[in-house]
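Dumped input_9.txt below, it's compact mmCIF, C-alpha atoms:
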# COMPACT_ATOMS: atom_id res chain seq x y z
CA MET W 1 128.60 105.73 122.00
CA ARG W 2 125.78 103.19 121.70
CA TRP W 3 122.78 104.25 119.64
CA LEU W 4 119.49 102.39 119.32
CA VAL W 5 117.71 103.80 116.27
CA VAL W 6 113.97 103.17 116.53
CA LEU W 7 112.36 103.56 113.12
CA PRO W 8 109.22 102.55 111.22
CA PHE W 9 110.82 100.19 108.69
CA GLU W 10 114.29 98.71 108.30
CA ARG W 11 114.54 99.46 104.59
CA PRO W 12 117.66 100.88 102.93
CA GLY W 13 117.42 104.57 102.12
CA LEU W 14 114.54 105.40 104.45
CA THR W 15 114.84 108.02 107.18
CA GLY W 16 116.27 106.24 110.17
CA MET W 17 118.29 103.67 108.24
CA ASP W 18 120.35 106.53 106.82
CA PHE W 19 120.98 107.75 110.39
CA ALA W 20 122.10 104.26 111.41
CA ASP W 21 124.46 103.96 108.43
CA GLU W 22 125.99 107.40 109.01
CA LEU W 23 126.44 106.82 112.75
CA ARG W 24 128.30 103.57 112.06
CA GLN W 25 130.61 105.39 109.66
CA LEU W 26 131.32 107.88 112.47
CA GLY W 27 132.45 105.01 114.69
CA HIS W 28 129.38 104.61 116.90
CA GLU W 29 127.91 101.26 117.89
CA VAL W 30 124.43 101.10 116.39
CA ARG W 31 121.44 98.81 116.45
CA THR W 32 118.04 99.35 114.87
CA PHE W 33 114.55 98.50 116.09
CA GLU W 34 111.62 98.42 113.65
CA TYR W 35 108.39 99.52 115.34
CA ARG W 36 105.91 99.23 112.49
CA LYS W 37 106.96 96.30 110.31
CA ASP W 38 105.08 94.95 107.30
CA ASN W 39 102.83 92.82 109.47
CA PRO W 40 99.11 92.15 108.90
CA LEU W 41 98.53 92.35 112.68
CA TYR W 42 99.52 96.04 112.56
CA LYS W 43 97.14 96.79 109.70
CA ASN W 44 94.17 94.95 111.20
CA ARG W 45 91.98 97.12 113.44
CA GLY W 46 91.11 94.23 115.71
CA THR W 47 94.72 93.27 116.40
CA LYS W 48 96.58 96.58 116.02
CA ALA W 49 96.44 97.64 119.70
CA ALA W 50 97.61 94.26 120.98
CA TYR W 51 100.36 94.11 118.38
CA GLN W 52 101.60 97.60 119.28
CA SER W 53 101.64 96.61 122.96
CA TYR W 54 103.80 93.61 122.03
CA ILE W 55 106.16 95.86 120.04
CA LEU W 56 106.54 98.28 122.98
CA ARG W 57 107.33 95.44 125.38
CA SER W 58 109.92 94.16 122.92
CA LEU W 59 111.47 97.65 122.67
CA GLU W 60 111.63 97.90 126.45
CA ARG W 61 113.37 94.52 126.70
CA THR W 62 115.86 95.58 124.01
CA CYS W 63 116.74 98.79 125.87
CA VAL W 64 117.15 97.05 129.21
CA ALA W 65 119.26 94.22 127.75
CA TRP W 66 121.55 96.29 125.51
CA ARG W 67 121.55 99.58 127.47
CA PRO W 68 122.24 102.10 124.71
CA THR W 69 123.53 105.58 125.47
CA LEU W 70 120.96 107.24 123.22
CA VAL W 71 117.67 106.00 121.84
CA LEU W 72 116.93 107.92 118.64
CA VAL W 73 113.28 107.59 117.66
CA VAL W 74 112.41 108.59 114.10
CA LYS W 75 108.82 109.86 114.08
CA GLY W 76 107.60 107.16 116.47
CA THR W 77 103.90 107.93 116.85
CA PRO W 78 103.26 104.50 118.48
CA ILE W 79 105.97 105.12 121.14
CA THR W 80 104.12 106.08 124.32
CA PRO W 81 105.24 108.38 127.17
CA GLU W 82 104.66 105.46 129.55
CA LEU W 83 107.18 103.31 127.66
CA ILE W 84 109.79 106.08 127.76
CA THR W 85 109.23 106.60 131.50
CA ARG W 86 109.55 102.88 132.27
CA VAL W 87 112.77 102.50 130.29
CA LYS W 88 114.37 105.61 131.79
CA ARG W 89 113.49 104.36 135.27
CA LYS W 90 115.47 101.18 134.55
CA CYS W 91 118.32 102.52 132.41
CA ASP W 92 120.65 105.53 132.37
CA LEU W 93 119.98 106.71 128.83
CA LEU W 94 118.42 109.53 126.82
CA PHE W 95 115.44 109.36 124.48
CA ILE W 96 115.59 111.80 121.57
CA ASN W 97 113.18 112.17 118.68
CA PHE W 98 113.77 113.32 115.12
CA PHE W 99 110.37 114.16 113.65
CA PRO W 100 110.45 114.66 109.85
CA ASP W 101 106.84 115.87 109.57
CA ASN W 102 104.65 118.42 111.34
CA PRO W 103 104.20 117.12 114.91
CA LEU W 104 101.26 119.42 115.69
CA TRP W 105 98.79 117.24 113.83
CA MET W 106 100.43 113.86 114.48
CA MET W 107 101.74 113.75 118.07
CA PRO W 108 99.98 114.23 121.43
CA LEU W 109 101.65 116.86 123.61
CA ALA W 110 102.42 114.29 126.31
CA ALA W 111 104.29 112.15 123.78
CA ILE W 112 106.39 115.12 122.61
CA GLU W 113 107.20 116.19 126.16
CA ALA W 114 108.32 112.68 127.19
CA TYR W 115 111.55 112.94 125.19
CA ASP W 116 114.76 114.43 126.56
CA VAL W 117 115.10 116.33 123.27
CA PHE W 118 112.49 116.54 120.52
CA PHE W 119 113.99 117.69 117.20
CA THR W 120 111.65 119.22 114.63
CA LYS W 121 112.21 120.81 111.21
CA GLU W 122 109.18 123.03 111.78
CA ARG W 123 109.84 126.31 113.62
CA TYR W 124 106.11 127.06 113.57
CA ALA W 125 105.55 123.90 115.62
CA MET W 126 108.35 124.90 117.99
CA ARG W 127 106.83 128.31 118.62
CA SER W 128 103.37 126.86 119.16
CA LEU W 129 104.62 124.21 121.57
CA GLN W 130 106.81 126.63 123.49
CA GLN W 131 103.77 128.86 124.01
CA VAL W 132 102.16 126.08 126.07
CA GLY W 133 105.27 125.48 128.15
CA ILE W 134 107.07 122.63 126.37
CA ARG W 135 110.81 123.16 126.71
CA ASN W 136 112.53 120.07 125.31
CA LEU W 137 112.43 121.27 121.69
CA ALA W 138 115.24 121.85 119.21
CA TYR W 139 115.27 122.90 115.56
CA LEU W 140 116.87 120.52 113.08
CA PRO W 141 116.22 120.85 109.32
CA MET W 142 116.11 117.97 106.87
CA TYR W 143 119.22 117.04 104.89
CA CYS W 144 120.79 115.31 101.92
CA VAL W 145 122.83 112.11 101.87
CA PRO W 146 125.72 112.64 99.42
CA SER W 147 126.11 108.93 98.68
CA GLU W 148 122.47 108.83 97.54
CA HIS W 149 121.86 112.33 96.17
CA TYR W 150 124.32 113.47 93.49
CA PRO W 151 124.44 114.57 89.82
CA VAL W 152 124.33 111.89 87.14
CA THR W 153 124.85 112.03 83.38
CA PRO W 154 122.00 110.39 81.44
CA THR W 155 122.67 108.54 78.22
CA ALA W 156 120.86 109.76 75.11
CA ALA W 157 118.20 107.08 75.62
CA GLU W 158 117.83 107.96 79.31
CA ALA W 159 117.52 111.64 78.48
CA ARG W 160 114.65 110.85 76.09
CA ARG W 161 112.94 108.61 78.62
CA TYR W 162 113.31 110.75 81.72
CA GLY W 163 113.89 114.22 80.34
CA GLY W 164 111.70 117.24 79.88
CA PRO W 165 111.77 121.00 80.34
CA ILE W 166 109.97 120.82 83.73
CA SER W 167 109.51 117.83 86.03
CA PHE W 168 107.72 117.11 89.27
CA VAL W 169 108.54 114.01 91.33
CA GLY W 170 105.92 113.05 93.91
CA ASN W 171 102.77 111.00 94.28
CA ARG W 172 99.37 112.31 93.26
CA TYR W 173 97.36 114.00 96.02
CA PRO W 174 94.39 116.40 95.68
CA TYR W 175 96.41 119.51 96.56
CA ARG W 176 99.13 118.54 94.10
CA GLU W 177 96.61 117.84 91.37
CA ARG W 178 95.16 121.34 91.78
CA PHE W 179 98.69 122.75 91.58
CA VAL W 180 99.50 120.76 88.44
CA LYS W 181 96.23 121.76 86.74
CA ALA W 182 97.25 125.39 87.11
CA LEU W 183 100.35 124.62 84.99
CA ARG W 184 98.78 122.53 82.24
CA ASP W 185 99.98 124.94 79.56
CA TYR W 186 103.65 124.29 80.48
CA PRO W 187 105.81 121.39 79.22
CA LEU W 188 105.54 119.42 82.45
CA ARG W 189 106.28 115.75 83.19
CA LEU W 190 105.01 114.00 86.34
CA TRP W 191 106.60 111.08 88.16
CA GLY W 192 104.83 109.27 90.99
CA ARG W 193 102.01 106.95 91.98
CA GLY W 194 98.51 107.89 90.87
CA TRP W 195 99.16 110.42 88.11
CA ALA W 196 98.50 107.97 85.25
CA ALA W 197 95.00 107.38 86.68
CA ALA W 198 94.06 111.08 86.68
CA GLU W 199 90.79 111.75 84.87
CA ASP W 200 92.21 114.84 83.17
CA PRO W 201 94.01 113.63 80.01
CA ALA W 202 96.28 116.68 80.15
CA ILE W 203 97.67 115.21 83.37
CA SER W 204 97.59 111.47 82.68
CA SER W 205 99.26 111.97 79.30
CA VAL W 206 102.42 113.40 80.91
CA ALA W 207 102.52 110.94 83.83
CA GLY W 208 105.28 108.47 84.53
CA PRO W 209 105.62 105.87 87.30
CA ALA W 210 107.11 106.41 90.74
CA VAL W 211 110.89 106.73 90.55
CA PHE W 212 113.46 105.93 93.22
CA GLY W 213 117.22 105.83 93.57
CA HIS W 214 119.13 106.19 90.32
CA GLU W 215 115.95 106.67 88.28
CA LYS W 216 114.99 109.68 90.37
CA LEU W 217 118.46 111.16 89.85
CA LEU W 218 118.04 110.65 86.10
CA VAL W 219 114.79 112.64 86.17
CA TYR W 220 116.51 115.47 88.04
CA ALA W 221 119.48 115.45 85.65
CA ALA W 222 117.39 115.26 82.47
CA SER W 223 115.04 118.10 83.47
CA ALA W 224 115.85 121.74 82.89
CA LEU W 225 113.74 122.75 85.92
CA SER W 226 112.49 120.72 88.89
CA LEU W 227 109.34 121.75 90.73
CA ASN W 228 109.15 121.46 94.51
CA HIS W 229 105.80 122.43 96.00
CA HIS W 230 105.45 121.94 99.76
CA HIS W 231 102.56 120.21 101.53
CA PRO W 232 100.21 122.95 102.80
CA MET W 233 99.75 121.28 106.23
CA ASN W 234 102.99 119.40 106.76
CA ASP W 235 105.36 122.24 105.88
CA ILE W 236 104.13 125.44 107.49
CA VAL W 237 107.37 127.44 107.56
CA GLY W 238 109.78 124.47 107.38
CA VAL W 239 111.44 122.88 104.39
CA ASN W 240 110.87 119.39 103.01
CA THR W 241 113.40 116.66 102.21
CA ARG W 242 113.07 117.16 98.45
CA THR W 243 114.63 120.62 98.78
CA PHE W 244 117.92 119.10 99.92
CA GLU W 245 117.80 116.12 97.56
CA LEU W 246 117.33 118.39 94.54
CA ALA W 247 120.12 120.68 95.72
CA ALA W 248 122.58 117.82 96.21
CA ALA W 249 121.70 116.51 92.75
CA ALA W 250 122.53 119.96 91.25
CA ALA W 251 118.98 120.41 89.99
CA CYS W 252 117.58 123.87 89.43
CA GLN W 253 114.55 123.76 91.69
CA ILE W 254 111.58 126.07 91.54
CA VAL W 255 110.19 126.08 95.08
CA ASP W 256 107.54 127.92 97.09
CA LEU W 257 109.31 130.27 99.50
CA LYS W 258 108.87 128.91 102.99
CA GLU W 259 110.03 131.12 105.85
CA ASP W 260 113.00 128.89 106.72
CA LEU W 261 114.14 128.43 103.13
CA GLN W 262 115.98 131.74 102.82
CA HIS W 263 118.15 130.78 105.81
CA LEU W 264 119.16 127.50 104.12
CA PHE W 265 119.59 128.50 100.46
CA LYS W 266 119.85 131.88 98.72
CA PRO W 267 116.86 132.64 96.48
CA GLY W 268 117.98 133.65 93.01
CA GLU W 269 121.44 132.10 93.50
CA GLU W 270 120.91 128.58 94.89
CA ILE W 271 117.17 128.07 94.42
CA VAL W 272 114.41 129.80 92.45
CA GLY W 273 111.56 130.85 94.72
CA TYR W 274 107.98 131.97 94.25
CA ARG W 275 105.18 133.21 96.53
CA ASP W 276 102.16 132.70 94.28
CA LEU W 277 101.22 131.19 90.94
CA GLY W 278 101.82 134.43 89.08
CA GLU W 279 105.40 134.62 90.31
CA LEU W 280 105.86 130.88 89.61
CA ARG W 281 104.85 131.42 85.99
CA ARG W 282 107.24 134.34 85.62
CA GLN W 283 110.09 132.26 87.04
CA LEU W 284 109.32 129.32 84.76
CA ASP W 285 109.19 131.58 81.70
CA PHE W 286 112.50 133.22 82.56
CA TYR W 287 114.53 130.11 83.36
CA LEU W 288 113.15 128.08 80.46
CA ALA W 289 114.53 130.87 78.27
CA HIS W 290 117.84 130.99 80.19
CA PRO W 291 119.00 127.37 80.69
CA ASP W 292 122.61 128.36 81.45
CA GLU W 293 121.48 130.40 84.43
CA ALA W 294 119.31 127.51 85.59
CA ARG W 295 122.30 125.15 85.49
CA ALA W 296 124.42 127.62 87.45
CA ILE W 297 121.78 127.80 90.17
CA GLY W 298 121.77 124.01 90.43
CA GLU W 299 125.55 123.91 90.76
CA ASN W 300 125.48 126.61 93.45
CA ALA W 301 122.81 124.65 95.33
CA ARG W 302 124.94 121.51 95.32
CA ARG W 303 127.93 123.35 96.76
CA ARG W 304 125.77 124.79 99.56
CA ALA W 305 124.12 121.44 100.30
CA LEU W 306 127.45 119.63 100.63
CA ALA W 307 128.95 122.42 102.73
CA GLU W 308 126.09 122.78 105.23
CA HIS W 309 123.19 120.41 104.76
CA THR W 310 124.32 116.79 104.78
CA LEU W 311 123.12 114.14 107.21
CA ARG W 312 126.53 114.29 108.89
CA HIS W 313 126.01 117.98 109.60
CA ARG W 314 122.65 117.18 111.19
CA ILE W 315 124.14 114.44 113.38
CA ASP W 316 126.83 116.86 114.53
CA GLU W 317 124.14 119.43 115.39
CA MET W 318 122.08 116.79 117.18
CA LEU W 319 125.02 115.67 119.28
CA ALA W 320 126.01 119.25 120.05
CA THR W 321 122.49 119.93 121.36
CA VAL W 322 122.54 116.80 123.51
CA ASN W 323 125.97 117.70 124.85
CA ASP W 324 124.92 121.28 125.63
CA ARG W 325 121.83 120.15 127.54
CA PHE W 326 123.19 116.95 129.12
CA GLY W 327 126.96 117.52 129.15
CA ASN W 328 127.55 115.55 132.32
CA PHE W 329 125.61 112.63 130.90
CA ALA W 330 127.65 112.68 127.71
CA ARG W 331 130.95 112.69 129.60
CA THR W 332 129.95 109.90 131.97
CA SER W 333 128.92 107.87 128.91
CA GLY W 334 132.42 108.20 127.54
CA ALA W 335 131.35 110.24 124.52
CA GLU W 336 132.25 113.81 123.75
CA ALA W 337 129.82 115.17 121.19
CA PRO W 338 131.41 116.65 118.05
CA ARG W 339 130.71 120.26 117.33
CA PRO W 340 128.87 121.41 114.21
CA GLN W 341 131.06 121.86 111.16
CA ALA W 342 131.70 125.40 110.01

Please express what this file holds, its structure, as structure tokens.
Amino acid sequence: MRWLVVLPFERPGLTGMDFADELRQLGHEVRTFEYRKDNPLYKNRGTKAAYQSYILRSLERTCVAWRPTLVLVVKGTPITPELITRVKRKCDLLFINFFPDNPLWMMPLAAIEAYDVFFTKERYAMRSLQQVGIRNLAYLPMYCVPSEHYPVTPTAAEARRYGGPISFVGNRYPYRERFVKALRDYPLRLWGRGWAAAEDPAISSVAGPAVFGHEKLLVYAASALSLNHHHPMNDIVGVNTRTFELAAAAACQIVDLKEDLQHLFKPGEEIVGYRDLGELRRQLDFYLAHPDEARAIGENARRRALAEHTLRHRIDEMLATVNDRFGNFARTSGAEAPRPQA
């Protein structure tokens, strides 16, 4: 099957590039199309509209010339319904979207409805959109990539540099700073852009730089507990990417209990959940005093992540949905969609 993966940036490790890599490993023919690019014309208000129009024309020419079976758009806020309609009028293909954020505050309804299937991790968004008659929706949670998210063993020097009883990896935002201030009396280390510039010395003094790749894995491995606090607007009932990354890295994560989380991991066995700051403090106190139990939870989480929550599982689910809704299309394209793994 031919896939055109339309993504913001063609950078290794970003959402979209990981889809392209995994699809190639599964034997599909894959090309990528970068719709945002690091281009000053995109960032300039006076030229942004004209530049986006150029990008859309280029995408249309690519679809018509190469004629993919599926166009997978990752996020894709600049992709217009008019572009999708024009391409589908010229080519026998499907447009599907994988939206890793909350579409309700980022996507116009017409843009969502233009896709043959619109995949969202946010069941709250699905329910809200279905209530106004949109029917092309499908639920698809985030995932881990086992080749990128895995346990590591820090050296003694790495453990000193990256280690600590409790860590939080993520850039500084106002809602996160309020959250962190509520935990100033705990042995917390912060990793991400902006924390070192915080005015509160209790925060800036425990701040480290942004970490990626192997460094991020070292932070997870060298921390007894890893905090994961969801965005209050982006994750309404759904679960963020960090949940799956921490699980695959065998970290013991302390996470606010979103509605969908209990269907993905077992609280108390594979993750440690909390509903308010009081419960969070009780959980931190308990697991700091019981490190063996914390390690066991991390190991259980890794087993669950690898068994059910890898990117390959999500691609299987995506293809199964497409095949269920457009079975004739899939067969005429010479591709039988694999079924989800047990």

Using only C-alpha atoms, find all polymer residues with an atom at most 9 Å away from the point (113.1, 112.0, 128.2); report them as a CSV table (one decimal) with C-alpha atoms, keeping the file's coordinate frame.
chain,number,residue,atom,x,y,z
W,81,PRO,CA,105.2,108.4,127.2
W,84,ILE,CA,109.8,106.1,127.8
W,85,THR,CA,109.2,106.6,131.5
W,88,LYS,CA,114.4,105.6,131.8
W,93,LEU,CA,120.0,106.7,128.8
W,94,LEU,CA,118.4,109.5,126.8
W,95,PHE,CA,115.4,109.4,124.5
W,96,ILE,CA,115.6,111.8,121.6
W,113,GLU,CA,107.2,116.2,126.2
W,114,ALA,CA,108.3,112.7,127.2
W,115,TYR,CA,111.6,112.9,125.2
W,116,ASP,CA,114.8,114.4,126.6
W,117,VAL,CA,115.1,116.3,123.3
W,118,PHE,CA,112.5,116.5,120.5
W,136,ASN,CA,112.5,120.1,125.3

**Report entry** Nearest to Ala250 in chain W by atom-to-atom distance, counting only C-alpha atoms, from W:Leu26, W:Cys144, W:Leu4, W:Val206
**Finding:**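 Smallest distance to Ala250 in chain W is found for W:Cys144.
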
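The interatomic distance for the pair CA of Gly163 in chain W and CA of Ala207 in chain W works out to 12.3 Å.
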
Query raised in the report: Residues at most 12 Å from Arg176 in chain W, counting all atoms listed in the file, excluding those fewer than 2 positions away in the same chain, as a PyMOL selection string?
Result: chain W and resi 168-174+178-183+190+192+194-195+198+203+227-232

Query raised in the report: Just how far from CA of Ala249 in chain W is CA of Pro151 in chain W, in Å to one decimal?
Result: 4.5 Å

Report summary line: As a check of understanding: the span from CA of Leu14 in chain W to CA of Leu217 in chain W is 16.2 Å

Query raised in the report: Which of these, W:Tyr54, W:Tyr143, W:Trp105, W:Phe33, has the shortest distance to Asn240 in chain W once you count all atoms listed in the file?
Result: W:Tyr143

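Closest to His149 in chain W among W:Arg295, W:His263, W:Lys216, W:Arg45 is W:Lys216, based on all atoms listed in the file.
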
Report summary line: Using only C-alpha atoms, the shortest atom-to-atom distance to Val73 in chain W among W:Leu7, W:Val239, W:Ala289, W:Ala50 belongs to W:Leu7

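Nearest residue to Val64 in chain W, choosing from W:Val87, W:Gln52, W:Thr243, W:Glu82 and counting only C-alpha atoms: W:Val87.
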
Report task. Could you tell me which of W:Arg325, W:Ile315, W:Gln253, W:Thr69 comes closest to Gln25 in chain W if we count all atoms listed in the file? Result ->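 Looking only at the distances to Gln25 in chain W, the closest residue turns out to be W:Ile315.
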
Requested in this report: Pick out the residues sitting within 9 Å of Arg275 in chain W, and hand them over as a list of chain:residue names; count only C-alpha atoms, and ignore anything fewer than 3 positions along from it in its own chain.
Outcome: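 My reading of the contact set: W:Val255, W:Asp256, W:Leu257, W:Lys258, W:Gly278, W:Glu279, W:Leu280.
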
Residues from the last selection, C-alpha atoms, saved as an mmCIF file, keeping the file's coordinate frame:
data_model
loop_
_atom_site.group_PDB
_atom_site.id
_atom_site.type_symbol
_atom_site.label_atom_id
_atom_site.label_comp_id
_atom_site.auth_asym_id
_atom_site.auth_seq_id
_atom_site.Cartn_x
_atom_site.Cartn_y
_atom_site.Cartn_z
ATOM 1 C CA VAL W 255 110.190 126.080 95.080
ATOM 2 C CA ASP W 256 107.540 127.920 97.090
ATOM 3 C CA LEU W 257 109.310 130.270 99.500
ATOM 4 C CA LYS W 258 108.870 128.910 102.990
ATOM 5 C CA GLY W 278 101.820 134.430 89.080
ATOM 6 C CA GLU W 279 105.400 134.620 90.310
ATOM 7 C CA LEU W 280 105.860 130.880 89.610
#

Query raised in the report: Which protein, DNA or RNA residues are at most 12 Å from (113.5, 123.6, 82.7) in the file's coordinates when you count only C-alpha atoms, listed as number ranges by chain?
Result: W: 163-168, 186-189, 219-227, 251-254, 272, 283-295, 297-298

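The neighbours of Phe99 in chain W here are the residues that come within 9 Å of it, using all atoms listed in the file and leaving out any residue fewer than 5 positions away in the same chain; they are Val73, Val74, Lys75, Gly76, Phe118, Phe119, Thr120 and Lys121 of chain W.
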
Atoms kept (N, CA and C atoms) for range 161-175 of chain W, as a PDB file, in the first residue's frame:
ATOM      1  N   ARG W 161      24.171  13.025  37.829  1.00  0.00           N
ATOM      2  CA  ARG W 161      23.780  14.172  37.006  1.00  0.00           C
ATOM      3  C   ARG W 161      22.274  14.219  36.762  1.00  0.00           C
ATOM      4  N   TYR W 162      21.688  13.083  36.466  1.00  0.00           N
ATOM      5  CA  TYR W 162      20.287  13.057  36.045  1.00  0.00           C
ATOM      6  C   TYR W 162      19.326  12.557  37.125  1.00  0.00           C
ATOM      7  N   GLY W 163      19.863  12.028  38.207  1.00  0.00           N
ATOM      8  CA  GLY W 163      19.015  11.337  39.171  1.00  0.00           C
ATOM      9  C   GLY W 163      18.371  12.253  40.186  1.00  0.00           C
ATOM     10  N   GLY W 164      17.405  11.670  40.884  1.00  0.00           N
ATOM     11  CA  GLY W 164      16.715  12.362  41.957  1.00  0.00           C
ATOM     12  C   GLY W 164      15.526  11.532  42.391  1.00  0.00           C
ATOM     13  N   PRO W 165      15.020  11.779  43.569  1.00  0.00           N
ATOM     14  CA  PRO W 165      13.852  11.012  44.028  1.00  0.00           C
ATOM     15  C   PRO W 165      12.632  11.187  43.117  1.00  0.00           C
ATOM     16  N   ILE W 166      12.369  12.438  42.685  1.00  0.00           N
ATOM     17  CA  ILE W 166      11.191  12.730  41.860  1.00  0.00           C
ATOM     18  C   ILE W 166      11.620  13.626  40.705  1.00  0.00           C
ATOM     19  N   SER W 167      11.198  13.312  39.501  1.00  0.00           N
ATOM     20  CA  SER W 167      11.532  14.153  38.355  1.00  0.00           C
ATOM     21  C   SER W 167      10.274  14.541  37.594  1.00  0.00           C
ATOM     22  N   PHE W 168      10.382  15.664  36.899  1.00  0.00           N
ATOM     23  CA  PHE W 168       9.350  16.051  35.939  1.00  0.00           C
ATOM     24  C   PHE W 168      10.045  16.547  34.681  1.00  0.00           C
ATOM     25  N   VAL W 169       9.687  15.948  33.540  1.00  0.00           N
ATOM     26  CA  VAL W 169      10.256  16.327  32.254  1.00  0.00           C
ATOM     27  C   VAL W 169       9.183  17.050  31.455  1.00  0.00           C
ATOM     28  N   GLY W 170       9.425  18.296  31.113  1.00  0.00           N
ATOM     29  CA  GLY W 170       8.468  19.083  30.344  1.00  0.00           C
ATOM     30  C   GLY W 170       8.786  20.560  30.479  1.00  0.00           C
ATOM     31  N   ASN W 171       8.494  21.326  29.464  1.00  0.00           N
ATOM     32  CA  ASN W 171       8.808  22.748  29.475  1.00  0.00           C
ATOM     33  C   ASN W 171       7.944  23.513  30.475  1.00  0.00           C
ATOM     34  N   ARG W 172       8.431  24.663  30.862  1.00  0.00           N
ATOM     35  CA  ARG W 172       7.747  25.505  31.836  1.00  0.00           C
ATOM     36  C   ARG W 172       6.565  26.231  31.187  1.00  0.00           C
ATOM     37  N   TYR W 173       5.383  26.047  31.752  1.00  0.00           N
ATOM     38  CA  TYR W 173       4.182  26.785  31.379  1.00  0.00           C
ATOM     39  C   TYR W 173       3.504  27.248  32.668  1.00  0.00           C
ATOM     40  N   PRO W 174       2.638  28.253  32.615  1.00  0.00           N
ATOM     41  CA  PRO W 174       2.028  28.756  33.851  1.00  0.00           C
ATOM     42  C   PRO W 174       1.314  27.685  34.657  1.00  0.00           C
ATOM     43  N   TYR W 175       0.548  26.796  33.991  1.00  0.00           N
ATOM     44  CA  TYR W 175      -0.184  25.788  34.764  1.00  0.00           C
ATOM     45  C   TYR W 175       0.774  24.796  35.407  1.00  0.00           C
TER      46      TYR W 175
END
